[in-house]
file structure_29.cif (mmCIF, C-alpha atoms)
data_final
loop_
_atom_site.group_PDB
_atom_site.id
_atom_site.type_symbol
_atom_site.label_atom_id
_atom_site.label_comp_id
_atom_site.auth_asym_id
_atom_site.auth_seq_id
_atom_site.Cartn_x
_atom_site.Cartn_y
_atom_site.Cartn_z
ATOM 1 C CA MET A 12 -15.540 4.871 -27.707
ATOM 2 C CA THR A 13 -16.788 2.441 -25.050
ATOM 3 C CA ALA A 14 -16.937 3.053 -21.304
ATOM 4 C CA ALA A 15 -13.962 0.710 -20.937
ATOM 5 C CA ASP A 16 -12.024 2.795 -23.485
ATOM 6 C CA ASP A 17 -12.914 5.932 -21.541
ATOM 7 C CA ALA A 18 -11.651 4.369 -18.318
ATOM 8 C CA GLY A 19 -8.424 3.258 -19.968
ATOM 9 C CA THR A 20 -7.797 6.706 -21.443
ATOM 10 C CA ALA A 21 -8.499 8.395 -18.108
ATOM 11 C CA ALA A 22 -6.123 5.995 -16.364
ATOM 12 C CA GLU A 23 -3.365 6.699 -18.909
ATOM 13 C CA THR A 24 -3.852 10.441 -18.451
ATOM 14 C CA GLU A 25 -3.682 10.117 -14.671
ATOM 15 C CA ALA A 26 -0.551 7.985 -14.956
ATOM 16 C CA ALA A 27 1.100 10.613 -17.141
ATOM 17 C CA GLU A 28 0.180 13.264 -14.574
ATOM 18 C CA ASP A 29 1.703 11.110 -11.833
ATOM 19 C CA ARG A 30 4.972 10.950 -13.770
ATOM 20 C CA ALA A 31 4.977 14.689 -14.351
ATOM 21 C CA ASP A 32 4.077 15.688 -10.809
ATOM 22 C CA ALA A 33 5.856 13.005 -8.783
ATOM 23 C CA PRO A 34 8.920 13.802 -6.718
ATOM 24 C CA ALA A 35 12.120 12.357 -8.155
ATOM 25 C CA GLY A 36 11.736 9.530 -5.654
ATOM 26 C CA HIS A 37 9.284 7.390 -7.599
ATOM 27 C CA VAL A 38 7.984 6.746 -11.090
ATOM 28 C CA LEU A 39 4.927 5.056 -12.574
ATOM 29 C CA LEU A 40 5.781 3.219 -15.791
ATOM 30 C CA ALA A 41 2.795 2.683 -18.063
ATOM 31 C CA GLY A 42 1.579 -0.750 -19.081
ATOM 32 C CA ALA A 43 -1.283 -1.941 -21.232
ATOM 33 C CA PRO A 44 -4.316 0.328 -20.759
ATOM 34 C CA GLY A 45 -6.555 -2.480 -19.531
ATOM 35 C CA SER A 46 -4.020 -4.371 -17.429
ATOM 36 C CA PRO A 47 -5.010 -4.884 -13.792
ATOM 37 C CA VAL A 48 -1.452 -5.756 -12.738
ATOM 38 C CA LEU A 49 0.747 -3.298 -10.850
ATOM 39 C CA LEU A 50 4.302 -4.432 -10.126
ATOM 40 C CA HIS A 51 5.647 -2.564 -7.119
ATOM 41 C CA VAL A 52 9.437 -2.268 -6.744
ATOM 42 C CA PRO A 53 10.114 -0.363 -3.508
ATOM 43 C CA HIS A 54 13.636 -1.349 -2.429
ATOM 44 C CA SER A 55 15.836 -1.621 -5.528
ATOM 45 C CA SER A 56 17.627 1.736 -5.428
ATOM 46 C CA ARG A 57 20.807 2.873 -3.650
ATOM 47 C CA VAL A 58 20.244 6.601 -4.293
ATOM 48 C CA LEU A 59 20.390 9.025 -1.347
ATOM 49 C CA PRO A 60 19.796 12.759 -1.861
ATOM 50 C CA PRO A 61 22.675 14.803 -0.371
ATOM 51 C CA GLU A 62 20.519 16.343 2.342
ATOM 52 C CA VAL A 63 19.402 12.868 3.444
ATOM 53 C CA ARG A 64 22.962 11.518 3.344
ATOM 54 C CA ALA A 65 23.990 14.345 5.664
ATOM 55 C CA GLY A 66 21.713 12.976 8.390
ATOM 56 C CA ILE A 67 23.293 9.505 8.374
ATOM 57 C CA VAL A 68 26.193 8.935 10.753
ATOM 58 C CA LEU A 69 27.961 6.160 8.804
ATOM 59 C CA GLY A 70 31.174 6.862 6.929
ATOM 60 C CA ASP A 71 31.164 6.413 3.172
ATOM 61 C CA ALA A 72 32.605 2.877 3.194
ATOM 62 C CA GLU A 73 30.238 1.818 5.994
ATOM 63 C CA LEU A 74 27.293 3.289 4.104
ATOM 64 C CA GLU A 75 28.181 1.419 0.925
ATOM 65 C CA ARG A 76 28.311 -1.842 2.865
ATOM 66 C CA GLU A 77 24.966 -1.086 4.502
ATOM 67 C CA LEU A 78 23.465 -0.436 1.076
ATOM 68 C CA ASP A 79 24.847 -3.793 -0.070
ATOM 69 C CA HIS A 80 22.898 -5.490 2.720
ATOM 70 C CA ILE A 81 19.644 -3.504 2.707
ATOM 71 C CA THR A 82 19.032 -2.986 -1.027
ATOM 72 C CA ASP A 83 16.921 -5.466 -2.987
ATOM 73 C CA ALA A 84 19.472 -5.274 -5.777
ATOM 74 C CA HIS A 85 18.398 -5.860 -9.386
ATOM 75 C CA THR A 86 14.690 -6.245 -8.568
ATOM 76 C CA GLU A 87 13.908 -3.340 -10.887
ATOM 77 C CA GLN A 88 15.667 -5.299 -13.635
ATOM 78 C CA ILE A 89 13.633 -8.427 -12.816
ATOM 79 C CA ALA A 90 10.406 -6.415 -13.028
ATOM 80 C CA ALA A 91 11.548 -4.873 -16.329
ATOM 81 C CA VAL A 92 12.130 -8.346 -17.809
ATOM 82 C CA ALA A 93 8.659 -9.344 -16.646
ATOM 83 C CA ALA A 94 7.100 -6.264 -18.241
ATOM 84 C CA ALA A 95 8.863 -6.947 -21.539
ATOM 85 C CA SER A 96 7.985 -10.657 -21.518
ATOM 86 C CA ALA A 97 4.329 -10.565 -20.443
ATOM 87 C CA GLY A 98 1.534 -10.882 -22.961
ATOM 88 C CA ALA A 99 -0.083 -7.685 -21.650
ATOM 89 C CA THR A 100 2.437 -5.257 -20.196
ATOM 90 C CA PRO A 101 1.879 -4.695 -16.466
ATOM 91 C CA TRP A 102 2.178 -1.274 -14.882
ATOM 92 C CA ARG A 103 5.230 -0.677 -12.682
ATOM 93 C CA PHE A 104 5.579 1.612 -9.693
ATOM 94 C CA VAL A 105 9.285 1.960 -8.914
ATOM 95 C CA ASN A 106 10.981 3.674 -5.982
ATOM 96 C CA ARG A 107 14.035 5.484 -7.353
ATOM 97 C CA LEU A 108 15.426 6.298 -3.889
ATOM 98 C CA SER A 109 16.999 4.012 -1.308
ATOM 99 C CA ARG A 110 14.876 2.673 1.495
ATOM 100 C CA LEU A 111 17.374 4.452 3.776
ATOM 101 C CA VAL A 112 15.543 7.652 2.782
ATOM 102 C CA VAL A 113 12.156 6.275 3.842
ATOM 103 C CA ASP A 114 10.738 2.788 3.645
ATOM 104 C CA PRO A 115 7.411 3.239 1.857
ATOM 105 C CA GLU A 116 6.168 -0.181 2.963
ATOM 106 C CA ARG A 117 6.295 0.496 6.681
ATOM 107 C CA PHE A 118 3.462 1.898 8.755
ATOM 108 C CA PRO A 119 4.399 5.490 9.614
ATOM 109 C CA ASP A 120 3.318 5.099 13.245
ATOM 110 C CA GLU A 121 3.308 2.753 16.256
ATOM 111 C CA ARG A 122 1.563 -0.029 14.294
ATOM 112 C CA GLU A 123 4.907 -0.863 12.675
ATOM 113 C CA GLU A 124 6.544 -3.844 14.397
ATOM 114 C CA MET A 125 9.941 -3.026 12.874
ATOM 115 C CA LEU A 126 10.148 0.016 15.141
ATOM 116 C CA ALA A 127 11.531 -2.493 17.651
ATOM 117 C CA ALA A 128 14.588 -2.843 15.409
ATOM 118 C CA GLY A 129 14.890 0.883 14.671
ATOM 119 C CA MET A 130 13.412 0.336 11.219
ATOM 120 C CA GLY A 131 10.087 2.089 11.023
ATOM 121 C CA ALA A 132 9.267 4.334 8.087
ATOM 122 C CA VAL A 133 12.562 6.157 8.746
ATOM 123 C CA TYR A 134 15.408 3.897 9.835
ATOM 124 C CA THR A 135 17.550 4.831 12.814
ATOM 125 C CA ARG A 136 19.507 1.559 13.029
ATOM 126 C CA THR A 137 21.365 -0.540 10.457
ATOM 127 C CA THR A 138 20.875 -4.154 9.411
ATOM 128 C CA HIS A 139 23.417 -5.038 12.106
ATOM 129 C CA ARG A 140 21.633 -2.842 14.695
ATOM 130 C CA ALA A 141 24.317 -0.161 14.725
ATOM 131 C CA GLU A 142 23.471 3.541 14.802
ATOM 132 C CA LEU A 143 22.335 4.880 11.426
ATOM 133 C CA ARG A 144 20.923 8.241 12.518
ATOM 134 C CA PRO A 145 21.673 10.100 15.742
ATOM 135 C CA ALA A 146 19.582 9.717 18.886
ATOM 136 C CA GLY A 147 16.606 12.055 18.894
ATOM 137 C CA PHE A 148 16.432 12.238 15.089
ATOM 138 C CA ASP A 149 13.079 13.684 13.988
ATOM 139 C CA PRO A 150 11.621 11.565 11.161
ATOM 140 C CA ALA A 151 8.718 13.936 10.457
ATOM 141 C CA PRO A 152 10.383 16.004 7.710
ATOM 142 C CA LEU A 153 11.404 12.881 5.773
ATOM 143 C CA VAL A 154 7.942 11.386 6.181
ATOM 144 C CA ALA A 155 6.348 14.590 4.862
ATOM 145 C CA ARG A 156 8.801 15.037 1.983
ATOM 146 C CA TYR A 157 9.103 11.454 0.759
ATOM 147 C CA PHE A 158 6.804 8.948 2.483
ATOM 148 C CA GLU A 159 3.488 10.750 2.161
ATOM 149 C CA PRO A 160 3.844 11.744 -1.539
ATOM 150 C CA TYR A 161 4.892 8.183 -2.348
ATOM 151 C CA ALA A 162 1.872 6.720 -0.556
ATOM 152 C CA GLU A 163 -0.451 9.185 -2.272
ATOM 153 C CA ALA A 164 0.980 8.411 -5.716
ATOM 154 C CA MET A 165 0.716 4.657 -5.131
ATOM 155 C CA THR A 166 -2.896 5.120 -4.067
ATOM 156 C CA ARG A 167 -3.598 7.030 -7.284
ATOM 157 C CA ALA A 168 -1.927 4.275 -9.313
ATOM 158 C CA VAL A 169 -4.146 1.652 -7.681
ATOM 159 C CA GLU A 170 -7.248 3.741 -8.256
ATOM 160 C CA ALA A 171 -6.311 4.223 -11.905
ATOM 161 C CA ARG A 172 -6.117 0.443 -12.371
ATOM 162 C CA LEU A 173 -9.481 0.059 -10.657
ATOM 163 C CA ALA A 174 -10.984 2.630 -13.018
ATOM 164 C CA ALA A 175 -9.483 0.981 -16.084
ATOM 165 C CA ALA A 176 -9.832 -2.717 -15.236
ATOM 166 C CA GLY A 177 -12.311 -2.913 -12.379
ATOM 167 C CA ARG A 178 -9.717 -4.610 -10.180
ATOM 168 C CA VAL A 179 -6.012 -4.468 -9.405
ATOM 169 C CA VAL A 180 -3.404 -7.102 -8.565
ATOM 170 C CA ILE A 181 -0.424 -5.591 -6.720
ATOM 171 C CA VAL A 182 2.685 -7.757 -6.917
ATOM 172 C CA ASP A 183 5.523 -6.575 -4.697
ATOM 173 C CA VAL A 184 8.968 -7.488 -6.046
ATOM 174 C CA HIS A 185 11.574 -7.960 -3.292
ATOM 175 C CA SER A 186 14.696 -9.946 -2.477
ATOM 176 C CA TYR A 187 16.281 -11.116 0.743
ATOM 177 C CA PRO A 188 19.699 -12.378 1.875
ATOM 178 C CA THR A 189 20.533 -16.057 2.011
ATOM 179 C CA THR A 190 21.706 -15.736 5.613
ATOM 180 C CA ALA A 191 19.551 -13.880 8.134
ATOM 181 C CA LEU A 192 20.740 -10.426 9.162
ATOM 182 C CA PRO A 193 20.589 -9.254 12.793
ATOM 183 C CA TYR A 194 17.731 -6.813 12.177
ATOM 184 C CA GLU A 195 15.297 -9.553 11.127
ATOM 185 C CA LEU A 196 12.603 -10.180 13.729
ATOM 186 C CA HIS A 197 11.627 -13.556 12.253
ATOM 187 C CA GLY A 198 14.920 -14.702 10.776
ATOM 188 C CA ASP A 199 14.911 -18.160 12.347
ATOM 189 C CA GLY A 200 12.237 -19.579 10.010
ATOM 190 C CA PRO A 201 12.567 -21.229 6.581
ATOM 191 C CA ARG A 202 14.367 -19.276 3.832
ATOM 192 C CA PRO A 203 13.127 -20.825 0.579
ATOM 193 C CA PRO A 204 14.400 -19.704 -2.843
ATOM 194 C CA VAL A 205 11.088 -17.882 -3.329
ATOM 195 C CA CYS A 206 8.952 -16.687 -0.420
ATOM 196 C CA LEU A 207 5.399 -15.535 -1.127
ATOM 197 C CA GLY A 208 3.991 -13.009 1.326
ATOM 198 C CA THR A 209 0.237 -13.093 1.767
ATOM 199 C CA ASP A 210 -2.623 -11.255 3.430
ATOM 200 C CA ALA A 211 -5.803 -12.964 4.652
ATOM 201 C CA PHE A 212 -8.023 -10.341 3.015
ATOM 202 C CA HIS A 213 -6.088 -9.368 -0.114
ATOM 203 C CA THR A 214 -4.480 -12.647 -1.285
ATOM 204 C CA PRO A 215 -7.066 -15.029 -2.761
ATOM 205 C CA PRO A 216 -6.023 -18.697 -2.979
ATOM 206 C CA ALA A 217 -6.032 -18.625 -6.784
ATOM 207 C CA LEU A 218 -3.443 -15.811 -6.817
ATOM 208 C CA LEU A 219 -1.204 -17.726 -4.429
ATOM 209 C CA ALA A 220 -1.587 -20.901 -6.495
ATOM 210 C CA ALA A 221 -0.690 -19.038 -9.702
ATOM 211 C CA ALA A 222 2.472 -17.705 -8.054
ATOM 212 C CA ARG A 223 3.452 -21.179 -6.840
ATOM 213 C CA ARG A 224 3.158 -22.475 -10.395
ATOM 214 C CA ALA A 225 5.079 -19.569 -11.888
ATOM 215 C CA PHE A 226 8.072 -19.957 -9.547
ATOM 216 C CA ALA A 227 8.060 -23.744 -9.251
ATOM 217 C CA GLY A 228 11.357 -24.117 -11.140
ATOM 218 C CA PHE A 229 13.654 -22.370 -8.659
ATOM 219 C CA GLY A 230 14.115 -25.042 -6.029
ATOM 220 C CA GLY A 231 11.251 -24.372 -3.663
ATOM 221 C CA VAL A 232 8.451 -21.936 -2.880
ATOM 222 C CA GLY A 233 7.332 -21.088 0.659
ATOM 223 C CA THR A 234 4.887 -18.674 2.215
ATOM 224 C CA ASP A 235 5.314 -15.918 4.798
ATOM 225 C CA SER A 236 8.799 -16.901 5.968
ATOM 226 C CA PRO A 237 11.151 -15.211 6.523
ATOM 227 C CA PHE A 238 8.975 -12.241 5.492
ATOM 228 C CA ALA A 239 5.192 -12.055 5.542
ATOM 229 C CA GLY A 240 2.399 -9.818 4.355
ATOM 230 C CA THR A 241 1.697 -7.635 1.341
ATOM 231 C CA TYR A 242 1.596 -3.956 0.461
ATOM 232 C CA VAL A 243 -1.798 -2.330 -0.080
ATOM 233 C CA PRO A 244 -2.387 1.448 0.206
ATOM 234 C CA LEU A 245 -4.089 2.264 3.489
ATOM 235 C CA ALA A 246 -7.102 3.745 1.682
ATOM 236 C CA HIS A 247 -7.880 0.236 0.382
ATOM 237 C CA TYR A 248 -6.285 -1.996 3.012
ATOM 238 C CA GLY A 249 -8.730 -4.427 4.587
ATOM 239 C CA ARG A 250 -11.743 -2.808 2.952
ATOM 240 C CA ASP A 251 -11.639 -3.081 -0.850
ATOM 241 C CA PRO A 252 -12.044 -6.647 -2.189
ATOM 242 C CA ARG A 253 -11.183 -5.475 -5.705
ATOM 243 C CA VAL A 254 -7.559 -5.034 -4.597
ATOM 244 C CA SER A 255 -5.548 -8.267 -4.557
ATOM 245 C CA ALA A 256 -1.936 -8.349 -3.412
ATOM 246 C CA LEU A 257 1.022 -10.693 -3.167
ATOM 247 C CA MET A 258 4.622 -10.179 -2.126
ATOM 248 C CA VAL A 259 7.346 -12.028 -4.038
ATOM 249 C CA GLU A 260 10.553 -12.322 -1.984
ATOM 250 C CA ILE A 261 13.438 -13.836 -3.939
ATOM 251 C CA ARG A 262 16.438 -15.264 -2.101
ATOM 252 C CA ARG A 263 19.438 -13.435 -3.471
ATOM 253 C CA ASP A 264 21.673 -16.423 -4.114
ATOM 254 C CA THR A 265 19.252 -17.476 -6.859
ATOM 255 C CA TYR A 266 20.255 -14.552 -9.070
ATOM 256 C CA MET A 267 23.196 -12.487 -7.744
ATOM 257 C CA SER A 268 26.457 -12.426 -5.804
ATOM 258 C CA GLU A 269 25.955 -11.399 -2.174
ATOM 259 C CA PRO A 270 26.109 -8.866 -0.751
ATOM 260 C CA GLY A 271 25.615 -6.166 -3.340
ATOM 261 C CA GLY A 272 27.210 -7.967 -6.278
ATOM 262 C CA PRO A 273 26.252 -8.236 -9.931
ATOM 263 C CA ALA A 274 23.231 -10.065 -11.257
ATOM 264 C CA GLY A 275 23.643 -13.455 -12.884
ATOM 265 C CA PRO A 276 21.505 -15.335 -15.408
ATOM 266 C CA GLY A 277 18.992 -16.157 -12.694
ATOM 267 C CA ALA A 278 17.732 -12.575 -12.805
ATOM 268 C CA ARG A 279 16.375 -12.968 -16.310
ATOM 269 C CA ALA A 280 14.893 -16.383 -15.533
ATOM 270 C CA LEU A 281 13.099 -14.920 -12.538
ATOM 271 C CA GLY A 282 11.792 -12.071 -14.667
ATOM 272 C CA VAL A 283 10.354 -14.547 -17.132
ATOM 273 C CA ALA A 284 8.738 -16.463 -14.267
ATOM 274 C CA LEU A 285 7.266 -13.212 -12.960
ATOM 275 C CA ALA A 286 5.866 -12.583 -16.448
ATOM 276 C CA ALA A 287 4.161 -15.980 -16.285
ATOM 277 C CA LEU A 288 2.491 -14.877 -13.053
ATOM 278 C CA VAL A 289 1.470 -11.584 -14.679
ATOM 279 C CA ASP A 290 -0.073 -13.471 -17.590
ATOM 280 C CA ALA A 291 -1.919 -15.832 -15.243
ATOM 281 C CA VAL A 292 -3.542 -13.021 -13.258
ATOM 282 C CA THR A 293 -4.182 -10.589 -16.108
ATOM 283 C CA ASP A 294 -7.175 -12.707 -17.052
ATOM 284 C CA GLU A 295 -9.648 -13.266 -14.234
ATOM 285 C CA LEU A 296 -8.528 -16.247 -12.180
ATOM 286 C CA PRO A 297 -11.153 -18.997 -12.378
ATOM 287 C CA GLY A 298 -13.332 -19.622 -9.393
ATOM 288 C CA GLU A 299 -12.230 -16.666 -7.285
ATOM 289 C CA VAL A 300 -13.283 -13.067 -6.838
ATOM 290 C CA PRO A 301 -10.189 -10.900 -6.235
ATOM 291 C CA GLY A 302 -9.915 -9.903 -2.603
ATOM 292 C CA GLU A 303 -12.460 -12.436 -1.310
ATOM 293 C CA VAL A 304 -11.107 -15.280 0.785
ATOM 294 C CA PRO A 305 -13.287 -18.347 0.185
ATOM 295 C CA GLU A 306 -14.215 -20.692 2.975
ATOM 296 C CA ALA A 307 -11.656 -23.432 3.610
ATOM 297 C CA ARG A 308 -12.190 -26.445 1.437
#
call {"tool": "encode", "arguments": {"input": "structure_29.cif", "output": "structure tokens"}}
result
Amino acid sequence: MTAADDAGTAAETEAAEDRADAPAGHVLLAGAPGSPVLLHVPHSSRVLPPEVRAGIVLGDAELERELDHITDAHTEQIAAVAAASAGATPWRFVNRLSRLVVDPERFPDEREEMLAAGMGAVYTRTTHRAELRPAGFDPAPLVARYFEPYAEAMTRAVEARLAAAGRVVIVDVHSYPTTALPYELHGDGPRPPVCLGTDAFHTPPALLAAARRAFAGFGGVGTDSPFAGTYVPLAHYGRDPRVSALMVEIRRDTYMSEPGGPAGPGARALGVALAALVDAVTDELPGEVPGEVPEAR
């Protein structure tokens, strides 16, 4: 057995341990042992544990409507199509709880700009800026129970890919509404069919170019508007050039009825396009080192 085989086996074992030990809130779905690609699906679920639901002030009908607006519906399905269609199956890290429990992609402290809208790691306001949780709500228990274990498990998943493949490409799979919602801090910018969120350190130009090619058939691809940035575990953020990252934000009218409606044929087409991106980045992208940002040319 080669060193690479050893690394792949160790990564598979660690992934299995993650699945066994993880809270019900998230799951790591195994891909090809040597794949560097990790699809991250953080906002696709509508599930709220009863004890979390009890802390939300909305009535049942109001809550269902809020879930229609805030959930990135069917993105888990899009990632599943991509995994089934790719030449080498990517790994998938999927949040099985609603982002109304905790939002794993927020900073858990004052660095988070969405605190201004009542949407830090634990939301206190709705998409329409109404009260979601009562004044004085203490987010610490939810952060300890859900946010921190999620972040730790995602960090382990990234480190397993580094051990197995020597690098990792995190692709966040999101969606966003066709019309801006009141909570959006930057909702007045362009809203292309596909928005690619980038990071100056973690998104090399070749990764961005591969994504532009993969999603070219959906009527337009933009960058960092209306949503910007990527998700990288804090242990690696801004310091590990082996970790590349890209956020894929899909405008919901390209694949579903809004808000909260069923998926249409666009969902499968987007999954196939995502698979094309997975295939492009599974092999080392020519001319770039993941995580390094070359000088402008």
call {"tool": "resolve_selection", "arguments": {"input": "structure_29.cif", "expression": "the PyMOL selection byres ((chain A and resi 186-192) around 7)", "output": "list in words"}}
result
Asp83, Thr138, His139, His185, Pro193, Tyr194, Glu195, Gly198, Glu260, Ile261, Arg262, Arg263 and Asp264 of chain A
call {"tool": "atom_distance", "arguments": {"input": "structure_29.cif", "atom1": "atom CA of A:Thr82", "atom2": "atom CA of A:His213"}}
result
25.9 Å
call {"tool": "resolve_selection", "arguments": {"input": "structure_29.cif", "expression": "the PyMOL selection byres ((chain A and resi 105) around 8)", "output": "NGL selection string"}}
result
:A and (37-40 or 51-53 or 87 or 103-104 or 106-107)
call {"tool": "write_last_selection", "arguments": {"input": "structure_29.cif", "atoms": "C-alpha atoms", "output": "PDB file, in the frame of the given file"}}
result
ATOM      1  CA  HIS A  37       9.284   7.390  -7.599  1.00  0.00           C
ATOM      2  CA  VAL A  38       7.984   6.746 -11.090  1.00  0.00           C
ATOM      3  CA  LEU A  39       4.927   5.056 -12.574  1.00  0.00           C
ATOM      4  CA  LEU A  40       5.781   3.219 -15.791  1.00  0.00           C
ATOM      5  CA  HIS A  51       5.647  -2.564  -7.119  1.00  0.00           C
ATOM      6  CA  VAL A  52       9.437  -2.268  -6.744  1.00  0.00           C
ATOM      7  CA  PRO A  53      10.114  -0.363  -3.508  1.00  0.00           C
ATOM      8  CA  GLU A  87      13.908  -3.340 -10.887  1.00  0.00           C
ATOM      9  CA  ARG A 103       5.230  -0.677 -12.682  1.00  0.00           C
ATOM     10  CA  PHE A 104       5.579   1.612  -9.693  1.00  0.00           C
ATOM     11  CA  ASN A 106      10.981   3.674  -5.982  1.00  0.00           C
ATOM     12  CA  ARG A 107      14.035   5.484  -7.353  1.00  0.00           C
TER      13      ARG A 107
END
call {"tool": "atom_distance", "arguments": {"input": "structure_29.cif", "atom1": "atom CA of A:Thr293", "atom2": "atom CA of A:Ala256"}}
result
13.1 Å
call {"tool": "residues_around", "arguments": {"input": "structure_29.cif", "residues": "stretch 202-207 of chain A", "least_positions_apart": "2", "cutoff": "7 Å", "atoms": "only C-alpha atoms", "output": "PyMOL selection string"}}
result
chain A and resi 200+209+229-237+257-262+265
call {"tool": "write_last_selection", "arguments": {"input": "structure_29.cif", "atoms": "C-alpha atoms", "output": "PDB file, in the frame of the given file"}}
result
ATOM      1  CA  GLY A 200      12.237 -19.579  10.010  1.00  0.00           C
ATOM      2  CA  THR A 209       0.237 -13.093   1.767  1.00  0.00           C
ATOM      3  CA  PHE A 229      13.654 -22.370  -8.659  1.00  0.00           C
ATOM      4  CA  GLY A 230      14.115 -25.042  -6.029  1.00  0.00           C
ATOM      5  CA  GLY A 231      11.251 -24.372  -3.663  1.00  0.00           C
ATOM      6  CA  VAL A 232       8.451 -21.936  -2.880  1.00  0.00           C
ATOM      7  CA  GLY A 233       7.332 -21.088   0.659  1.00  0.00           C
ATOM      8  CA  THR A 234       4.887 -18.674   2.215  1.00  0.00           C
ATOM      9  CA  ASP A 235       5.314 -15.918   4.798  1.00  0.00           C
ATOM     10  CA  SER A 236       8.799 -16.901   5.968  1.00  0.00           C
ATOM     11  CA  PRO A 237      11.151 -15.211   6.523  1.00  0.00           C
ATOM     12  CA  LEU A 257       1.022 -10.693  -3.167  1.00  0.00           C
ATOM     13  CA  MET A 258       4.622 -10.179  -2.126  1.00  0.00           C
ATOM     14  CA  VAL A 259       7.346 -12.028  -4.038  1.00  0.00           C
ATOM     15  CA  GLU A 260      10.553 -12.322  -1.984  1.00  0.00           C
ATOM     16  CA  ILE A 261      13.438 -13.836  -3.939  1.00  0.00           C
ATOM     17  CA  ARG A 262      16.438 -15.264  -2.101  1.00  0.00           C
ATOM     18  CA  THR A 265      19.252 -17.476  -6.859  1.00  0.00           C
TER      19      THR A 265
END
call {"tool": "atom_distance", "arguments": {"input": "structure_29.cif", "atom1": "atom CA of A:Val179", "atom2": "atom CA of A:Val133"}}
result
28.1 Å
call {"tool": "closest_residue", "arguments": {"input": "structure_29.cif", "among": "A:Leu281, A:Ala225, A:Ala164, A:Ala128", "to": "A:Ala246", "atoms": "only C-alpha atoms"}}
result
A:Ala164
call {"tool": "residues_around", "arguments": {"input": "structure_29.cif", "residues": "A:Pro60", "least_positions_apart": "2", "cutoff": "10 Å", "atoms": "all atoms listed in the file", "output": "list in words"}}
result
Ala35, Gly36, Val58, Glu62, Val63, Arg64, Ala65, Leu108, Ser109 and Val112 of chain A
call {"tool": "closest_residue", "arguments": {"input": "structure_29.cif", "among": "A:Ala284, A:Ala221, A:Ala274, A:Val254", "to": "A:Arg172", "atoms": "all atoms listed in the file"}}
result
A:Val254
call {"tool": "residues_near_point", "arguments": {"input": "structure_29.cif", "point": "(1.3, -4.5, 8.9)", "cutoff": "12 Å", "atoms": "all atoms listed in the file", "output": "ChimeraX atom specification"}}
result
/A:116-126,131-132,208-211,238-245,248-249
